[in-house]
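Each remark here refers to the structure printed beneath this line.
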Amino acid sequence: MDSSEKNELESEVSAPVSVPDSYNLEDYEEVFFDDFDGEELDTTKWSRCPEWPRQDHGGYWKNDCTYLKDGNLVLEARRGPDHLESGAIRSRGKFMQVGGAYQIRFKCEKKSGLWSAFWLMYGGKHDTDGTAEKDGEIDIFETICNDHGMQYLNSATHWDGYEQGMHKSKSARYKVTDDFYDTWHTVTFYWGNEYYMAYLDDSETPYWKGKVSEYGGPAVTSHYMKITSEFGKWGGPVNDTELPSYFLVDWVKAYKRK
């Protein structure tokens, strides 16, 4: 690691926080908002994810699969000339925090072979110490519509990097039905010291209540937001007649505890 990379990673790590858990937005103040109403992606808040290969269907994130249209963020998933392509954005180096609350209003389609996701990611080098304290990934939701005929929101944490034999994870599934797709939904997520708690629309019952100690332990380093679409066998076989597919996001908000 050269000095410039080391400085970048250190700048992305904030001090540990310890505040009482709360699952009421009245106890939070808004610190981030984007309604995607402009003509171009606001690069003071987001970057397009690098054009990396993704997952096991041979897909790639591609810059031109991410754009704004009709007041929404559009992440397009399609069959490109050489391989499958999809869009993704992240707030790395632009908005990062530890804990807090997050909201997203989105709409996805029921298409086989891919999924859309809203997640939080650690910005530095992975620390394989057996906990999520100094690294990790928090998947607020991943929309899966064709995993052996099942449809659900998957929520999870991952830690200890991604090397085989080191990687650890824990997940929970919330089943959905056909009427979930092609409809606008709002997810509200709380990242507390004791629980991860996620709610769908106006429900007073969380679709994910994860005890932090059982999901790798409390993370004390800052994470950035990612909104992504990608292909993978987990989402079922790719059906080219269903492509392109579009994951739409109306707005995103983030909050910190008052």
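Residues are named by chain letter and number: chains run A, B, ... in the order of the structure tokens, numbers start at 1 in each chain, and ligands are numbered from 1 in the order shown.
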**Study point:** 9 Å contact set for Asn154 of chain A, only C-alpha atoms, chain neighbours under 2 positions out, as a list in words
**Key:**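 Residues near the query, excluding close chain neighbours: Asp139, Ile140, Phe141, Glu142, Thr143, Ile144, Tyr152, Ala156, Ser171, Ala172, Arg173, Tyr174, Lys175 and Trp208 of chain A.
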Would you export the selected residues with all heavy atoms as a short mmCIF file (atom, residue, chain, number, x, y, z; two decimals), in the first residue's frame, please?
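What landed in part-v9.cif:
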```
data_model
loop_
_atom_site.label_atom_id
_atom_site.label_comp_id
_atom_site.auth_asym_id
_atom_site.auth_seq_id
_atom_site.Cartn_x
_atom_site.Cartn_y
_atom_site.Cartn_z
N ASP A 139 -25.90 -5.40 4.33
CA ASP A 139 -26.87 -5.42 3.25
C ASP A 139 -28.26 -5.12 3.81
O ASP A 139 -28.88 -5.98 4.44
CB ASP A 139 -26.87 -6.79 2.56
CG ASP A 139 -25.53 -7.13 1.94
OD1 ASP A 139 -24.81 -6.19 1.54
OD2 ASP A 139 -25.19 -8.33 1.86
N ILE A 140 -28.72 -3.91 3.57
CA ILE A 140 -30.04 -3.51 4.08
C ILE A 140 -31.12 -4.32 3.38
O ILE A 140 -32.05 -4.82 4.00
CB ILE A 140 -30.24 -2.00 3.88
CG1 ILE A 140 -29.18 -1.23 4.68
CG2 ILE A 140 -31.65 -1.59 4.30
CD1 ILE A 140 -29.13 0.25 4.38
N PHE A 141 -31.00 -4.46 2.06
CA PHE A 141 -31.84 -5.41 1.34
C PHE A 141 -31.20 -5.75 0.00
O PHE A 141 -30.47 -4.96 -0.59
CB PHE A 141 -33.28 -4.89 1.13
CG PHE A 141 -33.40 -3.73 0.17
CD1 PHE A 141 -33.34 -3.91 -1.20
CD2 PHE A 141 -33.60 -2.45 0.66
CE1 PHE A 141 -33.46 -2.85 -2.08
CE2 PHE A 141 -33.72 -1.37 -0.20
CZ PHE A 141 -33.65 -1.57 -1.59
N GLU A 142 -31.49 -6.95 -0.45
CA GLU A 142 -31.23 -7.40 -1.81
C GLU A 142 -32.53 -8.03 -2.30
O GLU A 142 -33.09 -8.88 -1.62
CB GLU A 142 -30.10 -8.43 -1.83
CG GLU A 142 -28.77 -7.88 -1.36
CD GLU A 142 -27.74 -8.97 -1.08
OE1 GLU A 142 -28.00 -9.78 -0.17
OE2 GLU A 142 -26.71 -9.00 -1.76
N THR A 143 -33.02 -7.59 -3.45
CA THR A 143 -34.30 -8.10 -3.95
C THR A 143 -34.05 -9.33 -4.82
O THR A 143 -33.41 -9.24 -5.86
CB THR A 143 -35.03 -7.03 -4.79
OG1 THR A 143 -34.23 -6.68 -5.93
CG2 THR A 143 -35.26 -5.78 -3.95
N ILE A 144 -34.53 -10.46 -4.37
CA ILE A 144 -34.33 -11.73 -5.08
C ILE A 144 -35.69 -12.25 -5.53
O ILE A 144 -36.59 -12.42 -4.71
CB ILE A 144 -33.66 -12.78 -4.18
CG1 ILE A 144 -32.36 -12.22 -3.58
CG2 ILE A 144 -33.41 -14.06 -4.96
CD1 ILE A 144 -31.30 -11.89 -4.59
N TYR A 152 -37.84 -12.93 -2.20
CA TYR A 152 -37.64 -12.40 -0.86
C TYR A 152 -36.70 -11.19 -0.87
O TYR A 152 -36.01 -10.92 -1.86
CB TYR A 152 -37.08 -13.47 0.07
CG TYR A 152 -35.82 -14.15 -0.41
CD1 TYR A 152 -34.56 -13.64 -0.12
CD2 TYR A 152 -35.88 -15.33 -1.16
CE1 TYR A 152 -33.40 -14.26 -0.56
CE2 TYR A 152 -34.74 -15.97 -1.60
CZ TYR A 152 -33.50 -15.43 -1.28
OH TYR A 152 -32.36 -16.06 -1.72
N ALA A 156 -28.29 -8.93 5.31
CA ALA A 156 -27.13 -9.70 5.77
C ALA A 156 -26.01 -8.79 6.22
O ALA A 156 -26.00 -7.59 5.93
CB ALA A 156 -26.62 -10.60 4.65
N SER A 171 -27.33 -14.03 7.41
CA SER A 171 -28.39 -13.39 6.65
C SER A 171 -29.77 -13.77 7.18
O SER A 171 -29.92 -14.72 7.95
CB SER A 171 -28.28 -13.77 5.16
OG SER A 171 -28.46 -15.16 4.99
N ALA A 172 -30.75 -12.99 6.74
CA ALA A 172 -32.14 -13.25 7.06
C ALA A 172 -32.98 -12.96 5.83
O ALA A 172 -32.65 -12.06 5.04
CB ALA A 172 -32.60 -12.38 8.23
N ARG A 173 -34.06 -13.70 5.64
CA ARG A 173 -34.90 -13.54 4.46
C ARG A 173 -36.33 -13.15 4.85
O ARG A 173 -36.90 -13.68 5.80
CB ARG A 173 -34.95 -14.85 3.66
CG ARG A 173 -33.62 -15.26 3.06
CD ARG A 173 -33.74 -16.60 2.35
NE ARG A 173 -32.49 -16.93 1.65
CZ ARG A 173 -32.31 -18.03 0.93
NH1 ARG A 173 -33.31 -18.91 0.81
NH2 ARG A 173 -31.17 -18.25 0.34
N TYR A 174 -36.87 -12.22 4.05
CA TYR A 174 -38.26 -11.81 4.22
C TYR A 174 -38.98 -12.07 2.91
O TYR A 174 -38.67 -11.47 1.88
CB TYR A 174 -38.32 -10.32 4.57
CG TYR A 174 -39.71 -9.75 4.63
CD1 TYR A 174 -40.56 -10.03 5.70
CD2 TYR A 174 -40.19 -8.93 3.61
CE1 TYR A 174 -41.84 -9.51 5.76
CE2 TYR A 174 -41.47 -8.40 3.65
CZ TYR A 174 -42.29 -8.70 4.73
OH TYR A 174 -43.56 -8.19 4.77
N LYS A 175 -39.94 -12.99 2.92
CA LYS A 175 -40.60 -13.40 1.69
C LYS A 175 -41.53 -12.30 1.18
O LYS A 175 -42.22 -11.62 1.96
CB LYS A 175 -41.40 -14.68 1.92
CG LYS A 175 -40.53 -15.91 2.17
CD LYS A 175 -41.38 -17.16 2.31
CE LYS A 175 -40.52 -18.40 2.54
NZ LYS A 175 -41.34 -19.62 2.68
N TRP A 208 -36.56 -7.06 9.16
CA TRP A 208 -35.27 -7.59 9.62
C TRP A 208 -34.97 -6.99 10.99
O TRP A 208 -34.89 -5.78 11.14
CB TRP A 208 -34.14 -7.25 8.65
CG TRP A 208 -32.78 -7.75 9.07
CD1 TRP A 208 -32.50 -8.89 9.74
CD2 TRP A 208 -31.51 -7.11 8.81
NE1 TRP A 208 -31.14 -9.03 9.93
CE2 TRP A 208 -30.52 -7.95 9.36
CE3 TRP A 208 -31.13 -5.94 8.17
CZ2 TRP A 208 -29.16 -7.63 9.30
CZ3 TRP A 208 -29.79 -5.62 8.09
CH2 TRP A 208 -28.80 -6.47 8.66
#
```
Point to revise | Selected residue, from A:Trp191, A:Met225, A:Trp184, A:Ala77, that lies nearest to Ser112 of chain A when counting only C-alpha atoms | key: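 Looking only at the distances to Ser112 of chain A, the closest residue turns out to be A:Ala77.
Among the candidates A:Lys209, A:Lys125, A:Arg48, A:Lys258, the residue lying nearest to Asp27 of chain A is A:Lys258 (atoms considered: only C-alpha atoms).
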Show me, as a PDB file with C-alpha atoms, in the first residue's frame, the residues that have an atom within 10 Å of Lys110 of chain A when counting only C-alpha atoms, minus same-chain residues fewer than 5 positions from it.
```pdb
ATOM      1  CA  TRP A 115     -31.079  -8.436  -8.208  1.00  0.00           C
ATOM      2  CA  THR A 143     -34.302  -8.096  -3.955  1.00  0.00           C
ATOM      3  CA  ILE A 144     -34.326 -11.727  -5.082  1.00  0.00           C
ATOM      4  CA  CYS A 145     -37.163 -12.935  -7.323  1.00  0.00           C
ATOM      5  CA  ASN A 146     -35.986 -16.330  -8.588  1.00  0.00           C
ATOM      6  CA  GLN A 151     -38.988 -14.365  -3.796  1.00  0.00           C
ATOM      7  CA  ASP A 178     -45.652 -10.800  -6.991  1.00  0.00           C
ATOM      8  CA  ASP A 179     -47.367  -7.580  -5.958  1.00  0.00           C
ATOM      9  CA  PHE A 180     -44.083  -6.362  -4.414  1.00  0.00           C
ATOM     10  CA  TYR A 181     -42.646  -5.734  -7.868  1.00  0.00           C
ATOM     11  CA  ASP A 182     -43.347  -2.745 -10.146  1.00  0.00           C
ATOM     12  CA  GLU A 242     -36.840 -10.011 -19.985  1.00  0.00           C
ATOM     13  CA  SER A 245     -34.519  -4.341 -16.557  1.00  0.00           C
ATOM     14  CA  TYR A 246     -34.647  -1.129 -14.517  1.00  0.00           C
TER      15      TYR A 246
END
```
Practice item. Would you work out the distance separating atom CA of Glu39 of chain A from atom CA of Thr241 of chain A, expressed in Å to one decimal? Key: 29.5 Å
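Here the residues within segment 176-240 of chain A that DSSP labels strand (DSSP E or B) on the basis of the backbone are His185, Thr186, Val187, Thr188, Phe189, Tyr190, Trp191, Tyr195, Tyr196, Met197, Ala198, Tyr199, Leu200, Trp208, Lys209, Gly210, Lys211, His223, Tyr224, Met225, Lys226, Ile227, Thr228, Ser229, Glu230 and Phe231 of chain A.
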Residue selection dump (C-alpha atoms) as a compact mmCIF listing (two decimals), in the first residue's frame:
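The new file part12.txt reads:
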```txt
# COMPACT_ATOMS: atom_id res chain seq x y z
CA HIS A 185 -41.65 1.00 -1.67
CA THR A 186 -39.83 2.77 1.14
CA VAL A 187 -37.33 1.00 3.36
CA THR A 188 -36.20 2.55 6.65
CA PHE A 189 -33.12 1.05 8.26
CA TYR A 190 -31.61 1.69 11.70
CA TRP A 191 -28.01 0.82 12.47
CA TYR A 195 -29.82 -4.20 16.68
CA TYR A 196 -30.01 -3.74 12.94
CA MET A 197 -33.66 -2.94 12.28
CA ALA A 198 -35.31 -2.54 8.87
CA TYR A 199 -38.91 -1.66 8.04
CA LEU A 200 -40.83 -1.88 4.77
CA TRP A 208 -35.27 -7.59 9.62
CA LYS A 209 -34.39 -7.46 13.30
CA GLY A 210 -30.81 -8.58 13.61
CA LYS A 211 -29.03 -8.65 16.93
CA HIS A 223 -19.40 2.97 5.98
CA TYR A 224 -20.57 4.42 2.68
CA MET A 225 -23.82 3.73 0.82
CA LYS A 226 -24.12 1.62 -2.32
CA ILE A 227 -27.13 1.27 -4.63
CA THR A 228 -26.57 -1.46 -7.18
CA SER A 229 -28.01 -3.80 -9.76
CA GLU A 230 -26.18 -6.93 -10.86
CA PHE A 231 -26.48 -10.41 -12.31
```
For Gly58 of chain A, find every residue with an atom within 12 Å (counting only C-alpha atoms), except residues of its own chain fewer than 2 positions away, and show them as an mmCIF file with all heavy atoms, in the first residue's frame.
```
data_model
loop_
_atom_site.group_PDB
_atom_site.id
_atom_site.type_symbol
_atom_site.label_atom_id
_atom_site.label_comp_id
_atom_site.auth_asym_id
_atom_site.auth_seq_id
_atom_site.Cartn_x
_atom_site.Cartn_y
_atom_site.Cartn_z
ATOM 1 N N TRP A 52 -16.136 -3.009 -12.705
ATOM 2 C CA TRP A 52 -15.571 -4.290 -12.308
ATOM 3 C C TRP A 52 -16.449 -5.446 -12.786
ATOM 4 O O TRP A 52 -17.664 -5.316 -12.912
ATOM 5 C CB TRP A 52 -15.473 -4.365 -10.791
ATOM 6 C CG TRP A 52 -14.427 -3.496 -10.186
ATOM 7 C CD1 TRP A 52 -13.247 -3.126 -10.745
ATOM 8 C CD2 TRP A 52 -14.466 -2.896 -8.890
ATOM 9 N NE1 TRP A 52 -12.539 -2.336 -9.871
ATOM 10 C CE2 TRP A 52 -13.258 -2.175 -8.733
ATOM 11 C CE3 TRP A 52 -15.390 -2.897 -7.837
ATOM 12 C CZ2 TRP A 52 -12.960 -1.466 -7.572
ATOM 13 C CZ3 TRP A 52 -15.086 -2.198 -6.690
ATOM 14 C CH2 TRP A 52 -13.887 -1.494 -6.555
ATOM 15 N N PRO A 53 -15.853 -6.633 -12.975
ATOM 16 C CA PRO A 53 -16.673 -7.838 -13.180
ATOM 17 C C PRO A 53 -17.396 -8.170 -11.881
ATOM 18 O O PRO A 53 -16.871 -7.975 -10.786
ATOM 19 C CB PRO A 53 -15.646 -8.909 -13.550
ATOM 20 C CG PRO A 53 -14.351 -8.423 -12.968
ATOM 21 C CD PRO A 53 -14.407 -6.924 -13.039
ATOM 22 N N ARG A 54 -18.618 -8.691 -12.032
ATOM 23 C CA ARG A 54 -19.452 -8.958 -10.870
ATOM 24 C C ARG A 54 -20.060 -10.354 -10.944
ATOM 25 O O ARG A 54 -20.644 -10.743 -11.948
ATOM 26 C CB ARG A 54 -20.584 -7.929 -10.782
ATOM 27 C CG ARG A 54 -20.116 -6.497 -10.579
ATOM 28 C CD ARG A 54 -19.462 -6.313 -9.239
ATOM 29 N NE ARG A 54 -20.373 -6.647 -8.151
ATOM 30 C CZ ARG A 54 -19.990 -6.772 -6.893
ATOM 31 N NH1 ARG A 54 -18.714 -6.615 -6.565
ATOM 32 N NH2 ARG A 54 -20.872 -7.073 -5.956
ATOM 33 N N GLN A 55 -19.923 -11.103 -9.875
ATOM 34 C CA GLN A 55 -20.638 -12.349 -9.649
ATOM 35 C C GLN A 55 -20.366 -13.409 -10.709
ATOM 36 O O GLN A 55 -19.400 -13.338 -11.462
ATOM 37 C CB GLN A 55 -22.126 -12.061 -9.483
ATOM 38 C CG GLN A 55 -22.467 -11.040 -8.391
ATOM 39 C CD GLN A 55 -22.055 -11.480 -6.994
ATOM 40 O OE1 GLN A 55 -22.017 -12.664 -6.691
ATOM 41 N NE2 GLN A 55 -21.748 -10.522 -6.128
ATOM 42 N N ASP A 56 -21.262 -14.397 -10.771
ATOM 43 C CA ASP A 56 -20.960 -15.619 -11.514
ATOM 44 C C ASP A 56 -21.745 -15.782 -12.813
ATOM 45 O O ASP A 56 -21.706 -16.836 -13.417
ATOM 46 C CB ASP A 56 -21.189 -16.839 -10.618
ATOM 47 C CG ASP A 56 -22.492 -16.772 -9.862
ATOM 48 O OD1 ASP A 56 -23.402 -16.046 -10.305
ATOM 49 O OD2 ASP A 56 -22.615 -17.450 -8.830
ATOM 50 N N TYR A 60 -20.801 -7.192 -15.666
ATOM 51 C CA TYR A 60 -19.931 -6.079 -15.308
ATOM 52 C C TYR A 60 -20.781 -4.872 -14.933
ATOM 53 O O TYR A 60 -21.856 -4.652 -15.513
ATOM 54 C CB TYR A 60 -19.053 -5.660 -16.499
ATOM 55 C CG TYR A 60 -17.841 -6.524 -16.736
ATOM 56 C CD1 TYR A 60 -17.970 -7.806 -17.244
ATOM 57 C CD2 TYR A 60 -16.566 -6.045 -16.470
ATOM 58 C CE1 TYR A 60 -16.856 -8.606 -17.474
ATOM 59 C CE2 TYR A 60 -15.441 -6.833 -16.702
ATOM 60 C CZ TYR A 60 -15.595 -8.107 -17.204
ATOM 61 O OH TYR A 60 -14.484 -8.886 -17.427
ATOM 62 N N TRP A 61 -20.308 -4.085 -13.962
ATOM 63 C CA TRP A 61 -20.873 -2.762 -13.767
ATOM 64 C C TRP A 61 -20.352 -1.857 -14.883
ATOM 65 O O TRP A 61 -19.146 -1.822 -15.161
ATOM 66 C CB TRP A 61 -20.467 -2.191 -12.414
ATOM 67 C CG TRP A 61 -21.273 -2.756 -11.284
ATOM 68 C CD1 TRP A 61 -22.544 -3.258 -11.332
ATOM 69 C CD2 TRP A 61 -20.876 -2.859 -9.910
ATOM 70 N NE1 TRP A 61 -22.951 -3.671 -10.085
ATOM 71 C CE2 TRP A 61 -21.944 -3.434 -9.189
ATOM 72 C CE3 TRP A 61 -19.717 -2.518 -9.224
ATOM 73 C CZ2 TRP A 61 -21.895 -3.667 -7.826
ATOM 74 C CZ3 TRP A 61 -19.666 -2.749 -7.859
ATOM 75 C CH2 TRP A 61 -20.740 -3.319 -7.169
ATOM 76 N N ARG A 79 -28.177 -6.921 -21.636
ATOM 77 C CA ARG A 79 -27.209 -7.759 -22.327
ATOM 78 C C ARG A 79 -26.386 -6.848 -23.226
ATOM 79 O O ARG A 79 -26.896 -6.275 -24.175
ATOM 80 C CB ARG A 79 -27.915 -8.824 -23.161
ATOM 81 C CG ARG A 79 -27.001 -9.608 -24.095
ATOM 82 C CD ARG A 79 -26.070 -10.546 -23.354
ATOM 83 N NE ARG A 79 -26.803 -11.666 -22.757
ATOM 84 C CZ ARG A 79 -26.195 -12.656 -22.098
ATOM 85 N NH1 ARG A 79 -24.869 -12.649 -21.929
ATOM 86 N NH2 ARG A 79 -26.912 -13.637 -21.567
ATOM 87 N N GLY A 80 -25.109 -6.675 -22.913
ATOM 88 C CA GLY A 80 -24.225 -5.855 -23.716
ATOM 89 C C GLY A 80 -23.625 -6.642 -24.861
ATOM 90 O O GLY A 80 -23.865 -7.853 -25.009
ATOM 91 N N ASP A 82 -20.621 -7.642 -25.270
ATOM 92 C CA ASP A 82 -19.615 -8.628 -24.846
ATOM 93 C C ASP A 82 -20.027 -9.419 -23.616
ATOM 94 O O ASP A 82 -19.598 -10.560 -23.438
ATOM 95 C CB ASP A 82 -18.278 -7.935 -24.576
ATOM 96 C CG ASP A 82 -17.735 -7.230 -25.801
ATOM 97 O OD1 ASP A 82 -17.747 -7.858 -26.879
ATOM 98 O OD2 ASP A 82 -17.323 -6.068 -25.681
ATOM 99 N N HIS A 83 -20.829 -8.816 -22.751
ATOM 100 C CA HIS A 83 -21.247 -9.486 -21.527
ATOM 101 C C HIS A 83 -22.438 -8.758 -20.929
ATOM 102 O O HIS A 83 -22.854 -7.700 -21.418
ATOM 103 C CB HIS A 83 -20.104 -9.560 -20.497
ATOM 104 C CG HIS A 83 -19.179 -8.395 -20.526
ATOM 105 N ND1 HIS A 83 -17.841 -8.498 -20.822
ATOM 106 C CD2 HIS A 83 -19.397 -7.080 -20.320
ATOM 107 C CE1 HIS A 83 -17.282 -7.312 -20.792
ATOM 108 N NE2 HIS A 83 -18.197 -6.440 -20.487
ATOM 109 N N LEU A 84 -22.973 -9.292 -19.871
ATOM 110 C CA LEU A 84 -24.067 -8.655 -19.143
ATOM 111 C C LEU A 84 -23.558 -7.394 -18.471
ATOM 112 O O LEU A 84 -22.423 -7.345 -17.982
ATOM 113 C CB LEU A 84 -24.640 -9.617 -18.100
ATOM 114 C CG LEU A 84 -25.323 -10.862 -18.675
ATOM 115 C CD1 LEU A 84 -25.465 -11.931 -17.601
ATOM 116 C CD2 LEU A 84 -26.691 -10.502 -19.247
ATOM 117 N N GLU A 85 -24.420 -6.358 -18.417
ATOM 118 C CA GLU A 85 -24.012 -5.070 -17.871
ATOM 119 C C GLU A 85 -25.097 -4.528 -16.947
ATOM 120 O O GLU A 85 -26.288 -4.761 -17.167
ATOM 121 C CB GLU A 85 -23.774 -4.068 -19.004
ATOM 122 C CG GLU A 85 -22.720 -4.510 -20.008
ATOM 123 C CD GLU A 85 -22.655 -3.624 -21.235
ATOM 124 O OE1 GLU A 85 -23.590 -2.826 -21.447
ATOM 125 O OE2 GLU A 85 -21.660 -3.737 -21.990
ATOM 126 N N SER A 86 -24.685 -3.799 -15.917
ATOM 127 C CA SER A 86 -25.648 -3.194 -14.997
ATOM 128 C C SER A 86 -25.030 -1.967 -14.341
ATOM 129 O O SER A 86 -23.827 -1.721 -14.453
ATOM 130 C CB SER A 86 -26.107 -4.211 -13.939
ATOM 131 O OG SER A 86 -25.005 -4.696 -13.187
ATOM 132 N N GLY A 113 -32.451 -13.730 -12.870
ATOM 133 C CA GLY A 113 -31.019 -13.674 -13.120
ATOM 134 C C GLY A 113 -30.299 -12.478 -12.560
ATOM 135 O O GLY A 113 -29.094 -12.340 -12.752
ATOM 136 N N LEU A 114 -31.012 -11.589 -11.880
ATOM 137 C CA LEU A 114 -30.356 -10.400 -11.343
ATOM 138 C C LEU A 114 -31.057 -9.961 -10.066
ATOM 139 O O LEU A 114 -32.110 -10.470 -9.707
ATOM 140 C CB LEU A 114 -30.368 -9.266 -12.366
ATOM 141 C CG LEU A 114 -31.709 -8.586 -12.677
ATOM 142 C CD1 LEU A 114 -31.487 -7.177 -13.211
ATOM 143 C CD2 LEU A 114 -32.484 -9.396 -13.710
ATOM 144 N N GLU A 230 -27.173 -6.023 -10.301
ATOM 145 C CA GLU A 230 -26.181 -6.930 -10.858
ATOM 146 C C GLU A 230 -26.783 -8.307 -11.127
ATOM 147 O O GLU A 230 -27.857 -8.643 -10.629
ATOM 148 C CB GLU A 230 -24.970 -7.049 -9.943
ATOM 149 C CG GLU A 230 -25.256 -7.560 -8.551
ATOM 150 C CD GLU A 230 -24.023 -7.443 -7.657
ATOM 151 O OE1 GLU A 230 -23.047 -8.175 -7.917
ATOM 152 O OE2 GLU A 230 -24.036 -6.627 -6.727
ATOM 153 N N PHE A 231 -26.062 -9.072 -11.928
ATOM 154 C CA PHE A 231 -26.480 -10.414 -12.308
ATOM 155 C C PHE A 231 -25.754 -11.445 -11.452
ATOM 156 O O PHE A 231 -24.622 -11.242 -11.030
ATOM 157 C CB PHE A 231 -26.156 -10.678 -13.774
ATOM 158 C CG PHE A 231 -26.948 -9.848 -14.739
ATOM 159 C CD1 PHE A 231 -26.505 -8.601 -15.135
ATOM 160 C CD2 PHE A 231 -28.144 -10.327 -15.250
ATOM 161 C CE1 PHE A 231 -27.234 -7.839 -16.034
ATOM 162 C CE2 PHE A 231 -28.884 -9.570 -16.145
ATOM 163 C CZ PHE A 231 -28.423 -8.326 -16.542
ATOM 164 N N GLY A 232 -26.413 -12.586 -11.238
ATOM 165 C CA GLY A 232 -25.779 -13.677 -10.520
ATOM 166 C C GLY A 232 -26.692 -14.881 -10.464
ATOM 167 O O GLY A 232 -27.916 -14.747 -10.495
ATOM 168 N N LYS A 233 -26.103 -16.063 -10.357
ATOM 169 C CA LYS A 233 -26.883 -17.298 -10.346
ATOM 170 C C LYS A 233 -27.864 -17.346 -9.184
ATOM 171 O O LYS A 233 -28.906 -18.011 -9.260
ATOM 172 C CB LYS A 233 -25.942 -18.498 -10.297
ATOM 173 C CG LYS A 233 -25.132 -18.674 -11.576
ATOM 174 C CD LYS A 233 -24.199 -19.875 -11.482
ATOM 175 C CE LYS A 233 -23.386 -20.026 -12.762
ATOM 176 N NZ LYS A 233 -22.427 -21.162 -12.691
ATOM 177 N N VAL A 238 -30.495 -16.202 -16.308
ATOM 178 C CA VAL A 238 -30.766 -14.980 -17.058
ATOM 179 C C VAL A 238 -31.682 -15.303 -18.229
ATOM 180 O O VAL A 238 -31.457 -16.260 -18.968
ATOM 181 C CB VAL A 238 -29.455 -14.357 -17.574
ATOM 182 C CG1 VAL A 238 -29.747 -13.135 -18.426
ATOM 183 C CG2 VAL A 238 -28.552 -14.001 -16.407
#
```
Point to revise | Contact residues around Glu40 of chain A with only C-alpha atoms at 12 Å, ignoring same-chain residues under 6 positions, as number ranges by chain | key: A: 46-48, 64, 66-74
